[in-house]
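So this block is my_file_2.cif, mmCIF, N, CA and C atoms and all ligand atoms:
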data_input
loop_
_atom_site.label_atom_id
_atom_site.label_comp_id
_atom_site.auth_asym_id
_atom_site.auth_seq_id
_atom_site.Cartn_x
_atom_site.Cartn_y
_atom_site.Cartn_z
N MET A 78 62.85 102.29 69.18
CA MET A 78 63.10 101.73 70.51
C MET A 78 62.03 100.69 70.86
N SER A 79 62.45 99.57 71.36
CA SER A 79 61.48 98.50 71.63
C SER A 79 60.60 98.86 72.83
N ARG A 80 59.51 98.16 72.95
CA ARG A 80 58.59 98.42 74.06
C ARG A 80 59.25 98.16 75.41
N ILE A 81 60.07 97.11 75.47
CA ILE A 81 60.74 96.77 76.71
C ILE A 81 61.64 97.93 77.16
N ARG A 82 62.38 98.47 76.19
CA ARG A 82 63.29 99.56 76.51
C ARG A 82 62.50 100.79 76.94
N ALA A 83 61.40 101.10 76.21
CA ALA A 83 60.60 102.28 76.51
C ALA A 83 60.03 102.22 77.92
N ARG A 84 59.76 101.02 78.39
CA ARG A 84 59.18 100.82 79.71
C ARG A 84 60.06 101.42 80.80
N PHE A 85 61.38 101.33 80.62
CA PHE A 85 62.30 101.82 81.66
C PHE A 85 62.98 103.13 81.25
N TRP A 86 62.46 103.77 80.21
CA TRP A 86 63.06 105.01 79.73
C TRP A 86 62.38 106.17 80.44
N ASP A 87 63.04 106.76 81.44
CA ASP A 87 62.42 107.83 82.23
C ASP A 87 63.51 108.76 82.78
N PRO A 88 64.23 109.46 81.89
CA PRO A 88 65.34 110.32 82.34
C PRO A 88 64.89 111.44 83.28
N SER A 89 63.63 111.84 83.22
CA SER A 89 63.15 112.92 84.08
C SER A 89 62.74 112.39 85.45
N GLY A 90 62.55 111.09 85.58
CA GLY A 90 62.12 110.53 86.85
C GLY A 90 60.64 110.72 87.12
N LYS A 91 59.88 111.10 86.12
CA LYS A 91 58.45 111.36 86.31
C LYS A 91 57.72 110.09 86.73
N ARG A 92 58.09 108.99 86.11
CA ARG A 92 57.37 107.74 86.35
C ARG A 92 57.92 107.01 87.58
N TYR A 93 59.25 107.02 87.75
CA TYR A 93 59.85 106.18 88.79
C TYR A 93 60.37 106.95 90.00
N GLY A 94 60.24 108.28 89.97
CA GLY A 94 60.67 109.06 91.13
C GLY A 94 62.09 109.57 91.02
N ILE A 95 62.97 108.77 90.45
CA ILE A 95 64.34 109.21 90.16
C ILE A 95 64.63 108.90 88.70
N PRO A 96 65.56 109.63 88.09
CA PRO A 96 65.88 109.37 86.69
C PRO A 96 66.19 107.90 86.45
N THR A 97 65.62 107.35 85.42
CA THR A 97 65.71 105.91 85.18
C THR A 97 66.02 105.64 83.71
N TRP A 98 66.93 104.69 83.53
CA TRP A 98 67.27 104.29 82.17
C TRP A 98 67.22 102.78 82.06
N PRO A 99 67.02 102.29 80.84
CA PRO A 99 67.13 100.84 80.64
C PRO A 99 68.60 100.44 80.66
N TRP A 100 68.81 99.15 80.73
CA TRP A 100 70.15 98.55 80.71
C TRP A 100 71.02 99.16 79.61
N ARG A 101 72.23 99.58 79.97
CA ARG A 101 73.23 100.10 79.03
C ARG A 101 72.89 101.46 78.42
N MET A 102 71.84 102.13 78.93
CA MET A 102 71.43 103.38 78.31
C MET A 102 71.72 104.60 79.19
N ALA A 103 72.26 104.39 80.38
CA ALA A 103 72.48 105.52 81.29
C ALA A 103 73.64 106.39 80.80
N PRO A 104 73.59 107.70 81.09
CA PRO A 104 74.69 108.59 80.70
C PRO A 104 75.99 108.21 81.39
N ALA A 105 77.09 108.58 80.78
CA ALA A 105 78.40 108.10 81.23
C ALA A 105 78.83 108.64 82.59
N HIS A 106 78.25 109.77 83.04
CA HIS A 106 78.70 110.32 84.32
C HIS A 106 77.99 109.65 85.50
N LEU A 107 77.07 108.75 85.24
CA LEU A 107 76.39 108.02 86.31
C LEU A 107 76.96 106.61 86.40
N LEU A 108 77.47 106.28 87.59
CA LEU A 108 78.14 105.00 87.77
C LEU A 108 77.57 104.27 88.97
N THR A 109 77.65 102.96 88.92
CA THR A 109 77.27 102.18 90.09
C THR A 109 78.37 102.29 91.14
N ARG A 110 78.04 101.90 92.37
CA ARG A 110 79.02 101.95 93.45
C ARG A 110 80.25 101.12 93.10
N ARG A 111 80.01 99.98 92.47
CA ARG A 111 81.11 99.11 92.03
C ARG A 111 82.02 99.81 91.02
N GLN A 112 81.40 100.52 90.10
CA GLN A 112 82.18 101.23 89.09
C GLN A 112 82.97 102.36 89.72
N LEU A 113 82.36 103.04 90.71
CA LEU A 113 83.08 104.09 91.42
C LEU A 113 84.30 103.50 92.13
N THR A 114 84.06 102.39 92.82
CA THR A 114 85.15 101.74 93.55
C THR A 114 86.29 101.36 92.62
N ALA A 115 85.93 100.84 91.45
CA ALA A 115 86.95 100.44 90.47
C ALA A 115 87.76 101.65 90.01
N ALA A 116 87.16 102.84 90.09
CA ALA A 116 87.85 104.06 89.68
C ALA A 116 88.51 104.75 90.86
N GLY A 117 88.51 104.07 92.03
CA GLY A 117 89.14 104.66 93.21
C GLY A 117 88.31 105.76 93.84
N LEU A 118 87.01 105.69 93.66
CA LEU A 118 86.11 106.72 94.18
C LEU A 118 85.06 106.11 95.10
N ARG A 119 84.40 106.99 95.89
CA ARG A 119 83.26 106.58 96.71
C ARG A 119 82.16 107.61 96.51
N PRO A 120 80.89 107.24 96.78
CA PRO A 120 79.79 108.18 96.53
C PRO A 120 79.99 109.52 97.25
N GLY A 121 80.57 109.51 98.44
CA GLY A 121 80.88 110.76 99.12
C GLY A 121 79.67 111.51 99.64
N GLY A 122 78.74 110.78 100.29
CA GLY A 122 77.63 111.46 100.93
C GLY A 122 76.43 111.70 100.04
N GLN A 123 76.61 111.65 98.76
CA GLN A 123 75.45 111.84 97.88
C GLN A 123 74.55 110.62 97.94
N GLY A 124 73.26 110.85 97.79
CA GLY A 124 72.33 109.74 97.73
C GLY A 124 72.30 109.15 96.34
N VAL A 125 71.46 108.17 96.16
CA VAL A 125 71.29 107.59 94.83
C VAL A 125 70.74 108.66 93.89
N GLN A 126 71.37 108.85 92.75
CA GLN A 126 70.97 109.90 91.82
C GLN A 126 70.05 109.40 90.72
N ALA A 127 70.19 108.15 90.38
CA ALA A 127 69.43 107.60 89.27
C ALA A 127 69.48 106.08 89.37
N GLN A 128 68.79 105.42 88.46
CA GLN A 128 68.81 103.96 88.50
C GLN A 128 68.71 103.39 87.10
N ILE A 129 69.17 102.16 87.00
CA ILE A 129 68.96 101.37 85.79
C ILE A 129 67.94 100.30 86.17
N LEU A 130 66.95 100.13 85.36
CA LEU A 130 65.98 99.06 85.59
C LEU A 130 66.05 98.08 84.43
N TRP A 131 65.92 96.81 84.75
CA TRP A 131 65.84 95.82 83.68
C TRP A 131 65.05 94.62 84.18
N ALA A 132 64.46 93.94 83.21
CA ALA A 132 63.68 92.76 83.53
C ALA A 132 64.63 91.57 83.54
N SER A 133 64.74 90.94 84.72
CA SER A 133 65.63 89.79 84.83
C SER A 133 64.87 88.51 84.50
N ARG A 134 65.49 87.67 83.71
CA ARG A 134 64.88 86.38 83.41
C ARG A 134 65.65 85.28 84.14
N ARG A 135 66.45 85.69 85.09
CA ARG A 135 67.26 84.70 85.80
C ARG A 135 66.36 83.69 86.50
N HIS A 136 66.70 82.42 86.38
CA HIS A 136 65.90 81.37 86.99
C HIS A 136 65.86 81.55 88.50
N GLY A 137 64.68 81.51 89.06
CA GLY A 137 64.54 81.63 90.50
C GLY A 137 64.38 83.06 90.97
N ALA A 138 64.80 84.04 90.15
CA ALA A 138 64.67 85.44 90.57
C ALA A 138 64.22 86.31 89.41
N PRO A 139 63.07 85.96 88.85
CA PRO A 139 62.58 86.80 87.76
C PRO A 139 62.00 88.10 88.29
N GLY A 140 61.79 89.06 87.43
CA GLY A 140 61.22 90.32 87.86
C GLY A 140 62.11 91.48 87.50
N VAL A 141 61.69 92.66 87.91
CA VAL A 141 62.43 93.87 87.59
C VAL A 141 63.54 94.06 88.60
N ARG A 142 64.73 94.27 88.09
CA ARG A 142 65.88 94.48 88.97
C ARG A 142 66.41 95.89 88.77
N ALA A 143 67.06 96.41 89.81
CA ALA A 143 67.53 97.79 89.78
C ALA A 143 69.00 97.86 90.13
N ALA A 144 69.72 98.77 89.47
CA ALA A 144 71.08 99.10 89.86
C ALA A 144 71.09 100.61 90.13
N TYR A 145 71.59 101.00 91.32
CA TYR A 145 71.55 102.41 91.68
C TYR A 145 72.82 103.11 91.22
N LEU A 146 72.62 104.34 90.77
CA LEU A 146 73.72 105.08 90.15
C LEU A 146 74.06 106.33 90.95
N TYR A 147 75.34 106.66 90.95
CA TYR A 147 75.85 107.85 91.63
C TYR A 147 76.54 108.73 90.60
N ASP A 148 76.49 110.04 90.86
CA ASP A 148 77.07 111.00 89.93
C ASP A 148 78.56 111.12 90.20
N VAL A 149 79.36 110.83 89.19
CA VAL A 149 80.81 110.83 89.36
C VAL A 149 81.32 112.24 89.71
N ARG A 150 80.54 113.27 89.38
CA ARG A 150 80.98 114.63 89.66
C ARG A 150 80.90 114.97 91.15
N PHE A 151 80.06 114.23 91.90
CA PHE A 151 79.97 114.45 93.35
C PHE A 151 80.83 113.44 94.12
N ALA A 152 81.43 112.51 93.41
CA ALA A 152 82.17 111.44 94.08
C ALA A 152 83.48 111.98 94.65
N LEU A 153 83.96 111.32 95.69
CA LEU A 153 85.20 111.71 96.36
C LEU A 153 86.19 110.56 96.30
N PRO A 154 87.49 110.87 96.46
CA PRO A 154 88.48 109.78 96.46
C PRO A 154 88.22 108.82 97.60
N LYS A 155 88.53 107.58 97.37
CA LYS A 155 88.38 106.57 98.40
C LYS A 155 89.26 106.91 99.59
N ARG A 156 88.72 106.72 100.79
CA ARG A 156 89.52 106.98 102.00
C ARG A 156 90.50 105.84 102.23
N THR A 157 91.71 106.17 102.60
CA THR A 157 92.63 105.11 103.03
C THR A 157 92.73 105.17 104.55
N ALA A 158 92.82 104.02 105.18
CA ALA A 158 92.80 103.95 106.64
C ALA A 158 94.05 104.61 107.21
N THR A 159 93.87 105.34 108.32
CA THR A 159 95.01 105.93 109.02
C THR A 159 95.69 104.82 109.84
N PRO A 160 96.95 105.04 110.27
CA PRO A 160 97.61 104.03 111.11
C PRO A 160 96.79 103.69 112.35
N ALA A 161 96.14 104.70 112.96
CA ALA A 161 95.33 104.45 114.16
C ALA A 161 94.15 103.54 113.82
N GLN A 162 93.53 103.76 112.65
CA GLN A 162 92.40 102.92 112.26
C GLN A 162 92.85 101.49 112.00
N LEU A 163 94.02 101.34 111.34
CA LEU A 163 94.55 100.00 111.08
C LEU A 163 94.86 99.28 112.39
N ASP A 164 95.39 100.05 113.34
CA ASP A 164 95.72 99.48 114.66
C ASP A 164 94.45 99.00 115.35
N ALA A 165 93.39 99.82 115.30
CA ALA A 165 92.13 99.45 115.93
C ALA A 165 91.54 98.20 115.26
N LEU A 166 91.66 98.14 113.95
CA LEU A 166 91.17 96.96 113.22
C LEU A 166 91.93 95.71 113.63
N ALA A 167 93.24 95.83 113.72
CA ALA A 167 94.06 94.68 114.10
C ALA A 167 93.68 94.19 115.49
N LYS A 168 93.42 95.14 116.40
CA LYS A 168 93.02 94.76 117.76
C LYS A 168 91.67 94.05 117.76
N ALA A 169 90.73 94.58 116.98
CA ALA A 169 89.39 93.98 116.92
C ALA A 169 89.47 92.57 116.36
N ASN A 170 90.32 92.39 115.33
CA ASN A 170 90.45 91.07 114.74
C ASN A 170 91.13 90.10 115.71
N ALA A 171 92.10 90.61 116.47
CA ALA A 171 92.77 89.77 117.47
C ALA A 171 91.77 89.32 118.52
N ALA A 172 90.87 90.23 118.92
CA ALA A 172 89.87 89.89 119.93
C ALA A 172 88.95 88.79 119.41
N ARG A 173 88.66 88.81 118.14
CA ARG A 173 87.77 87.79 117.58
C ARG A 173 88.45 86.42 117.53
N ARG A 174 89.80 86.41 117.60
CA ARG A 174 90.53 85.14 117.56
C ARG A 174 90.90 84.64 118.94
N THR A 175 90.72 85.49 119.97
CA THR A 175 91.20 85.13 121.31
C THR A 175 90.10 84.42 122.09
N CYS A 176 90.42 83.24 122.56
CA CYS A 176 89.45 82.42 123.29
C CYS A 176 89.28 82.97 124.71
N PRO A 177 88.05 83.21 125.16
CA PRO A 177 87.82 83.71 126.51
C PRO A 177 88.10 82.65 127.58
N GLU A 178 88.11 81.38 127.18
CA GLU A 178 88.31 80.28 128.12
C GLU A 178 89.80 80.11 128.45
N CYS A 179 90.61 79.92 127.41
CA CYS A 179 92.02 79.63 127.64
C CYS A 179 92.89 80.86 127.37
N ARG A 180 92.30 81.95 126.94
CA ARG A 180 93.00 83.23 126.75
C ARG A 180 94.10 83.16 125.70
N ARG A 181 94.04 82.18 124.80
CA ARG A 181 95.05 82.08 123.75
C ARG A 181 94.48 82.60 122.45
N ASP A 182 95.40 83.06 121.60
CA ASP A 182 95.01 83.43 120.24
C ASP A 182 94.88 82.13 119.45
N ALA A 183 93.67 81.79 119.06
CA ALA A 183 93.43 80.49 118.44
C ALA A 183 94.00 80.44 117.03
N GLY A 184 94.28 81.59 116.42
CA GLY A 184 94.80 81.60 115.06
C GLY A 184 93.71 81.60 114.02
N TYR A 185 92.46 81.57 114.47
CA TYR A 185 91.32 81.67 113.56
C TYR A 185 90.22 82.41 114.31
N VAL A 186 89.26 82.94 113.58
CA VAL A 186 88.13 83.61 114.22
C VAL A 186 87.26 82.55 114.90
N LEU A 187 86.97 82.78 116.18
CA LEU A 187 86.23 81.78 116.95
C LEU A 187 84.81 81.63 116.40
N PRO A 188 84.35 80.38 116.26
CA PRO A 188 82.97 80.18 115.80
C PRO A 188 82.00 80.78 116.80
N ARG A 189 81.05 81.55 116.32
CA ARG A 189 80.15 82.26 117.23
C ARG A 189 79.27 81.32 118.03
N HIS A 190 78.92 80.18 117.45
CA HIS A 190 78.01 79.28 118.17
C HIS A 190 78.73 78.57 119.31
N LEU A 191 80.08 78.56 119.28
CA LEU A 191 80.83 77.96 120.37
C LEU A 191 81.26 79.03 121.38
N GLY A 192 81.73 80.14 120.89
CA GLY A 192 82.19 81.21 121.78
C GLY A 192 83.57 80.95 122.34
N THR A 193 84.15 79.80 122.04
CA THR A 193 85.49 79.45 122.50
C THR A 193 86.26 78.87 121.33
N CYS A 194 87.53 78.56 121.58
CA CYS A 194 88.29 77.88 120.53
C CYS A 194 87.81 76.44 120.43
N LEU A 195 88.19 75.74 119.37
CA LEU A 195 87.71 74.38 119.16
C LEU A 195 88.23 73.44 120.24
N ASP A 196 89.49 73.68 120.71
CA ASP A 196 90.04 72.84 121.77
C ASP A 196 89.20 72.92 123.03
N CYS A 197 88.86 74.17 123.44
CA CYS A 197 88.05 74.35 124.65
C CYS A 197 86.65 73.77 124.46
N ALA A 198 86.13 73.86 123.25
CA ALA A 198 84.78 73.35 122.99
C ALA A 198 84.74 71.84 123.14
N GLU A 199 85.92 71.17 123.03
CA GLU A 199 85.95 69.70 123.10
C GLU A 199 86.35 69.18 124.47
N THR A 200 86.52 70.07 125.45
CA THR A 200 86.96 69.62 126.78
C THR A 200 85.83 68.86 127.48
N PRO A 201 86.19 67.95 128.41
CA PRO A 201 85.17 67.15 129.12
C PRO A 201 84.12 68.01 129.82
N THR A 202 84.51 69.19 130.36
CA THR A 202 83.53 70.01 131.06
C THR A 202 82.38 70.37 130.13
N ASP A 203 82.75 70.69 128.87
CA ASP A 203 81.71 71.04 127.91
C ASP A 203 80.84 69.83 127.59
N LEU A 204 81.50 68.66 127.51
CA LEU A 204 80.74 67.45 127.20
C LEU A 204 79.75 67.16 128.32
N LYS A 205 80.17 67.43 129.58
CA LYS A 205 79.26 67.21 130.71
C LYS A 205 78.03 68.10 130.60
N GLU A 206 78.30 69.36 130.18
CA GLU A 206 77.19 70.30 130.07
C GLU A 206 76.18 69.84 129.04
N VAL A 207 76.72 69.24 127.96
CA VAL A 207 75.83 68.78 126.89
C VAL A 207 74.99 67.61 127.37
N ALA A 208 75.62 66.69 128.11
CA ALA A 208 74.96 65.45 128.55
C ALA A 208 73.89 65.70 129.63
ZN ZN A 301 90.31 78.00 124.27
#
What does this structure look like when you write it as structure tokens?
Ligand SMILES: [Zn+2]
Amino acid sequence: MSRIRARFWDPSGKRYGIPTWPWRMAPAHLLTRRQLTAAGLRPGGQGVQAQILWASRRHGAPGVRAAYLYDVRFALPKRTATPAQLDALAKANAARRTCPECRRDAGYVLPRHLGTCLDCAETPTDLKEVA
């Protein structure tokens, strides 16, 4: 095993606090959140169980990088939204599109720096305020 690999080889977690493996060396039952999601799972309340550490040589962001791992045995199926949750989401999204000035659904999420739809932002009253 190379020195680089040995540096991040710590399955007991003695050195890093949690079990740690080098890139591509972690046991198969430990998955990243992304991998869980791809399998239709979520961490399900468990904390980070282990990590992968590797030395990144990426330009602009060198240094040691970490990927956190979750135990697939504690993972739970992904939640699907209930009709009530979908309804609440739709309402929240509609509110983000509704202009407080002209009370119309603008058809897009209102820019936060304007707080109104683009039409209202271009009205003469607004121009007066700017001047
Ligand atoms: Zn408006």
Within 9 Å of ligand ZN 301 (chain A), which residues of chain A show up? Give each one with its shortest atom-to-atom distance in Å (one decimal) and the two atoms involved, counting only C-alpha atoms and all ligand atoms, rows by chain then rising residue number, as CSV.
residue,atom,partner,partner_atom,distance
A:Thr175,CA,A:ZN301,ZN,7.8
A:Cys176,CA,A:ZN301,ZN,4.6
A:Pro177,CA,A:ZN301,ZN,6.6
A:Glu178,CA,A:ZN301,ZN,4.9
A:Cys179,CA,A:ZN301,ZN,4.1
A:Arg180,CA,A:ZN301,ZN,6.4
A:Arg181,CA,A:ZN301,ZN,6.3
A:Asp182,CA,A:ZN301,ZN,8.2
A:Ala183,CA,A:ZN301,ZN,7.1
A:Thr193,CA,A:ZN301,ZN,5.3
A:Cys194,CA,A:ZN301,ZN,4.3
A:Leu195,CA,A:ZN301,ZN,6.8
A:Asp196,CA,A:ZN301,ZN,5.7
A:Cys197,CA,A:ZN301,ZN,4.3
A:Ala198,CA,A:ZN301,ZN,7.3
Among chain A, which ones does DSSP place in helix (DSSP H, G or I), written as a PyMOL selection string? chain A and resi 80-84+110-115+160-174+195-198+201-207
Okay, now the selection with N, CA and C atoms, as a compact mmCIF listing (two decimals), in the frame of the given file?
# COMPACT_ATOMS: atom_id res chain seq x y z
N ARG A 80 59.51 98.16 72.95
CA ARG A 80 58.59 98.42 74.06
C ARG A 80 59.25 98.16 75.41
N ILE A 81 60.07 97.11 75.47
CA ILE A 81 60.74 96.77 76.71
C ILE A 81 61.64 97.93 77.16
N ARG A 82 62.38 98.47 76.19
CA ARG A 82 63.29 99.56 76.51
C ARG A 82 62.50 100.79 76.94
N ALA A 83 61.40 101.10 76.21
CA ALA A 83 60.60 102.28 76.51
C ALA A 83 60.03 102.22 77.92
N ARG A 84 59.76 101.02 78.39
CA ARG A 84 59.18 100.82 79.71
C ARG A 84 60.06 101.42 80.80
N ARG A 110 78.04 101.90 92.37
CA ARG A 110 79.02 101.95 93.45
C ARG A 110 80.25 101.12 93.10
N ARG A 111 80.01 99.98 92.47
CA ARG A 111 81.11 99.11 92.03
C ARG A 111 82.02 99.81 91.02
N GLN A 112 81.40 100.52 90.10
CA GLN A 112 82.18 101.23 89.09
C GLN A 112 82.97 102.36 89.72
N LEU A 113 82.36 103.04 90.71
CA LEU A 113 83.08 104.09 91.42
C LEU A 113 84.30 103.50 92.13
N THR A 114 84.06 102.39 92.82
CA THR A 114 85.15 101.74 93.55
C THR A 114 86.29 101.36 92.62
N ALA A 115 85.93 100.84 91.45
CA ALA A 115 86.95 100.44 90.47
C ALA A 115 87.76 101.65 90.01
N PRO A 160 96.95 105.04 110.27
CA PRO A 160 97.61 104.03 111.11
C PRO A 160 96.79 103.69 112.35
N ALA A 161 96.14 104.70 112.96
CA ALA A 161 95.33 104.45 114.16
C ALA A 161 94.15 103.54 113.82
N GLN A 162 93.53 103.76 112.65
CA GLN A 162 92.40 102.92 112.26
C GLN A 162 92.85 101.49 112.00
N LEU A 163 94.02 101.34 111.34
CA LEU A 163 94.55 100.00 111.08
C LEU A 163 94.86 99.28 112.39
N ASP A 164 95.39 100.05 113.34
CA ASP A 164 95.72 99.48 114.66
C ASP A 164 94.45 99.00 115.35
N ALA A 165 93.39 99.82 115.30
CA ALA A 165 92.13 99.45 115.93
C ALA A 165 91.54 98.20 115.26
N LEU A 166 91.66 98.14 113.95
CA LEU A 166 91.17 96.96 113.22
C LEU A 166 91.93 95.71 113.63
N ALA A 167 93.24 95.83 113.72
CA ALA A 167 94.06 94.68 114.10
C ALA A 167 93.68 94.19 115.49
N LYS A 168 93.42 95.14 116.40
CA LYS A 168 93.02 94.76 117.76
C LYS A 168 91.67 94.05 117.76
N ALA A 169 90.73 94.58 116.98
CA ALA A 169 89.39 93.98 116.92
C ALA A 169 89.47 92.57 116.36
N ASN A 170 90.32 92.39 115.33
CA ASN A 170 90.45 91.07 114.74
C ASN A 170 91.13 90.10 115.71
N ALA A 171 92.10 90.61 116.47
CA ALA A 171 92.77 89.77 117.47
C ALA A 171 91.77 89.32 118.52
N ALA A 172 90.87 90.23 118.92
CA ALA A 172 89.87 89.89 119.93
C ALA A 172 88.95 88.79 119.41
N ARG A 173 88.66 88.81 118.14
CA ARG A 173 87.77 87.79 117.58
C ARG A 173 88.45 86.42 117.53
N ARG A 174 89.80 86.41 117.60
CA ARG A 174 90.53 85.14 117.56
C ARG A 174 90.90 84.64 118.94
N LEU A 195 88.19 75.74 119.37
CA LEU A 195 87.71 74.38 119.16
C LEU A 195 88.23 73.44 120.24
N ASP A 196 89.49 73.68 120.71
CA ASP A 196 90.04 72.84 121.77
C ASP A 196 89.20 72.92 123.03
N CYS A 197 88.86 74.17 123.44
CA CYS A 197 88.05 74.35 124.65
C CYS A 197 86.65 73.77 124.46
N ALA A 198 86.13 73.86 123.25
CA ALA A 198 84.78 73.35 122.99
C ALA A 198 84.74 71.84 123.14
N PRO A 201 86.19 67.95 128.41
CA PRO A 201 85.17 67.15 129.12
C PRO A 201 84.12 68.01 129.82
N THR A 202 84.51 69.19 130.36
CA THR A 202 83.53 70.01 131.06
C THR A 202 82.38 70.37 130.13
N ASP A 203 82.75 70.69 128.87
CA ASP A 203 81.71 71.04 127.91
C ASP A 203 80.84 69.83 127.59
N LEU A 204 81.50 68.66 127.51
CA LEU A 204 80.74 67.45 127.20
C LEU A 204 79.75 67.16 128.32
N LYS A 205 80.17 67.43 129.58
CA LYS A 205 79.26 67.21 130.71
C LYS A 205 78.03 68.10 130.60
N GLU A 206 78.30 69.36 130.18
CA GLU A 206 77.19 70.30 130.07
C GLU A 206 76.18 69.84 129.04
N VAL A 207 76.72 69.24 127.96
CA VAL A 207 75.83 68.78 126.89
C VAL A 207 74.99 67.61 127.37
Measure the distance from atom CA of Ala103 of chain A to atom N of Gly140 of chain A in Å and round it to one decimal.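 That distance, rounded to one decimal, is 20.6 Å.
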Quick one: everything within 6 Å of segment 112-117 of chain A, counting all atoms listed in the file, minus sequence neighbours fewer than 4 positions away in the same chain. Send it as an NGL selection string. :A and (108 or 153-155)
Report, in Å with one decimal, the straight-line distance from atom CA of Ser89 of chain A to atom C of Arg135 of chain A. 29.5 Å
Atom pair atom N of Phe151 of chain A / atom C of Leu163 of chain A: separation (Å):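 Computed distance, atom N of Phe151 of chain A to atom C of Leu163 of chain A, equals 29.4 Å.
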Would you pick out the contacts of Ala127 of chain A at 8 Å or less, using only C-alpha atoms, so that residues sharing its chain but fewer than 3 positions from it are not included, and give the list as a list in words? Ile95, Pro96, Thr97, Leu107, Tyr145, Leu146 and Tyr147 of chain A
Hey, can you spit out that residue selection with N, CA and C atoms as a CSV table (one decimal), in the coordinates of the input?
chain,number,residue,atom,x,y,z
A,95,ILE,N,63.0,108.8,90.4
A,95,ILE,CA,64.3,109.2,90.2
A,95,ILE,C,64.6,108.9,88.7
A,96,PRO,N,65.6,109.6,88.1
A,96,PRO,CA,65.9,109.4,86.7
A,96,PRO,C,66.2,107.9,86.4
A,97,THR,N,65.6,107.4,85.4
A,97,THR,CA,65.7,105.9,85.2
A,97,THR,C,66.0,105.6,83.7
A,107,LEU,N,77.1,108.8,85.2
A,107,LEU,CA,76.4,108.0,86.3
A,107,LEU,C,77.0,106.6,86.4
A,145,TYR,N,71.6,101.0,91.3
A,145,TYR,CA,71.6,102.4,91.7
A,145,TYR,C,72.8,103.1,91.2
A,146,LEU,N,72.6,104.3,90.8
A,146,LEU,CA,73.7,105.1,90.2
A,146,LEU,C,74.1,106.3,91.0
A,147,TYR,N,75.3,106.7,91.0
A,147,TYR,CA,75.8,107.8,91.6
A,147,TYR,C,76.5,108.7,90.6
Quick one: 6 Å padding each side, axis-aligned, all listed atoms of segment 91-110 of chain A - centre and edge lengths in Å to one decimal, as lines of an AutoDock Vina configuration file?
center_x = 68.8
center_y = 105.0
center_z = 85.9
size_x = 34.9
size_y = 24.8
size_z = 27.1
Using all heavy atoms, give me segment 88-92 of chain A from the structure I just pasted, as a PDB file, in the first residue's frame.
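Just written: result.pdb:
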ATOM      1  N   PRO A  88      -9.710   2.499   9.482  1.00  0.00           N
ATOM      2  CA  PRO A  88     -11.046   1.899   9.646  1.00  0.00           C
ATOM      3  C   PRO A  88     -11.564   1.965  11.084  1.00  0.00           C
ATOM      4  O   PRO A  88     -12.777   1.933  11.301  1.00  0.00           O
ATOM      5  CB  PRO A  88     -10.829   0.444   9.224  1.00  0.00           C
ATOM      6  CG  PRO A  88      -9.603   0.459   8.383  1.00  0.00           C
ATOM      7  CD  PRO A  88      -8.737   1.534   8.951  1.00  0.00           C
ATOM      8  N   SER A  89     -10.678   2.073  12.057  1.00  0.00           N
ATOM      9  CA  SER A  89     -11.122   2.124  13.450  1.00  0.00           C
ATOM     10  C   SER A  89     -11.492   3.545  13.864  1.00  0.00           C
ATOM     11  O   SER A  89     -12.153   3.743  14.880  1.00  0.00           O
ATOM     12  CB  SER A  89     -10.021   1.595  14.371  1.00  0.00           C
ATOM     13  OG  SER A  89      -8.924   2.494  14.361  1.00  0.00           O
ATOM     14  N   GLY A  90     -11.088   4.539  13.091  1.00  0.00           N
ATOM     15  CA  GLY A  90     -11.374   5.917  13.453  1.00  0.00           C
ATOM     16  C   GLY A  90     -10.470   6.456  14.539  1.00  0.00           C
ATOM     17  O   GLY A  90     -10.744   7.497  15.119  1.00  0.00           O
ATOM     18  N   LYS A  91      -9.395   5.767  14.838  1.00  0.00           N
ATOM     19  CA  LYS A  91      -8.496   6.191  15.913  1.00  0.00           C
ATOM     20  C   LYS A  91      -7.857   7.536  15.585  1.00  0.00           C
ATOM     21  O   LYS A  91      -7.726   8.393  16.439  1.00  0.00           O
ATOM     22  CB  LYS A  91      -7.397   5.125  16.094  1.00  0.00           C
ATOM     23  CG  LYS A  91      -7.170   4.747  17.562  1.00  0.00           C
ATOM     24  CD  LYS A  91      -6.067   3.700  17.681  1.00  0.00           C
ATOM     25  CE  LYS A  91      -6.629   2.335  18.031  1.00  0.00           C
ATOM     26  NZ  LYS A  91      -5.613   1.286  18.046  1.00  0.00           N
ATOM     27  N   ARG A  92      -7.475   7.701  14.337  1.00  0.00           N
ATOM     28  CA  ARG A  92      -6.750   8.908  13.955  1.00  0.00           C
ATOM     29  C   ARG A  92      -7.710  10.053  13.619  1.00  0.00           C
ATOM     30  O   ARG A  92      -7.465  11.201  13.944  1.00  0.00           O
ATOM     31  CB  ARG A  92      -5.882   8.600  12.729  1.00  0.00           C
ATOM     32  CG  ARG A  92      -4.623   9.443  12.653  1.00  0.00           C
ATOM     33  CD  ARG A  92      -3.770   9.057  11.443  1.00  0.00           C
ATOM     34  NE  ARG A  92      -3.884   7.641  11.103  1.00  0.00           N
ATOM     35  CZ  ARG A  92      -3.560   7.138   9.898  1.00  0.00           C
ATOM     36  NH1 ARG A  92      -3.128   7.927   8.947  1.00  0.00           N
ATOM     37  NH2 ARG A  92      -3.708   5.849   9.646  1.00  0.00           N
TER      38      ARG A  92
END
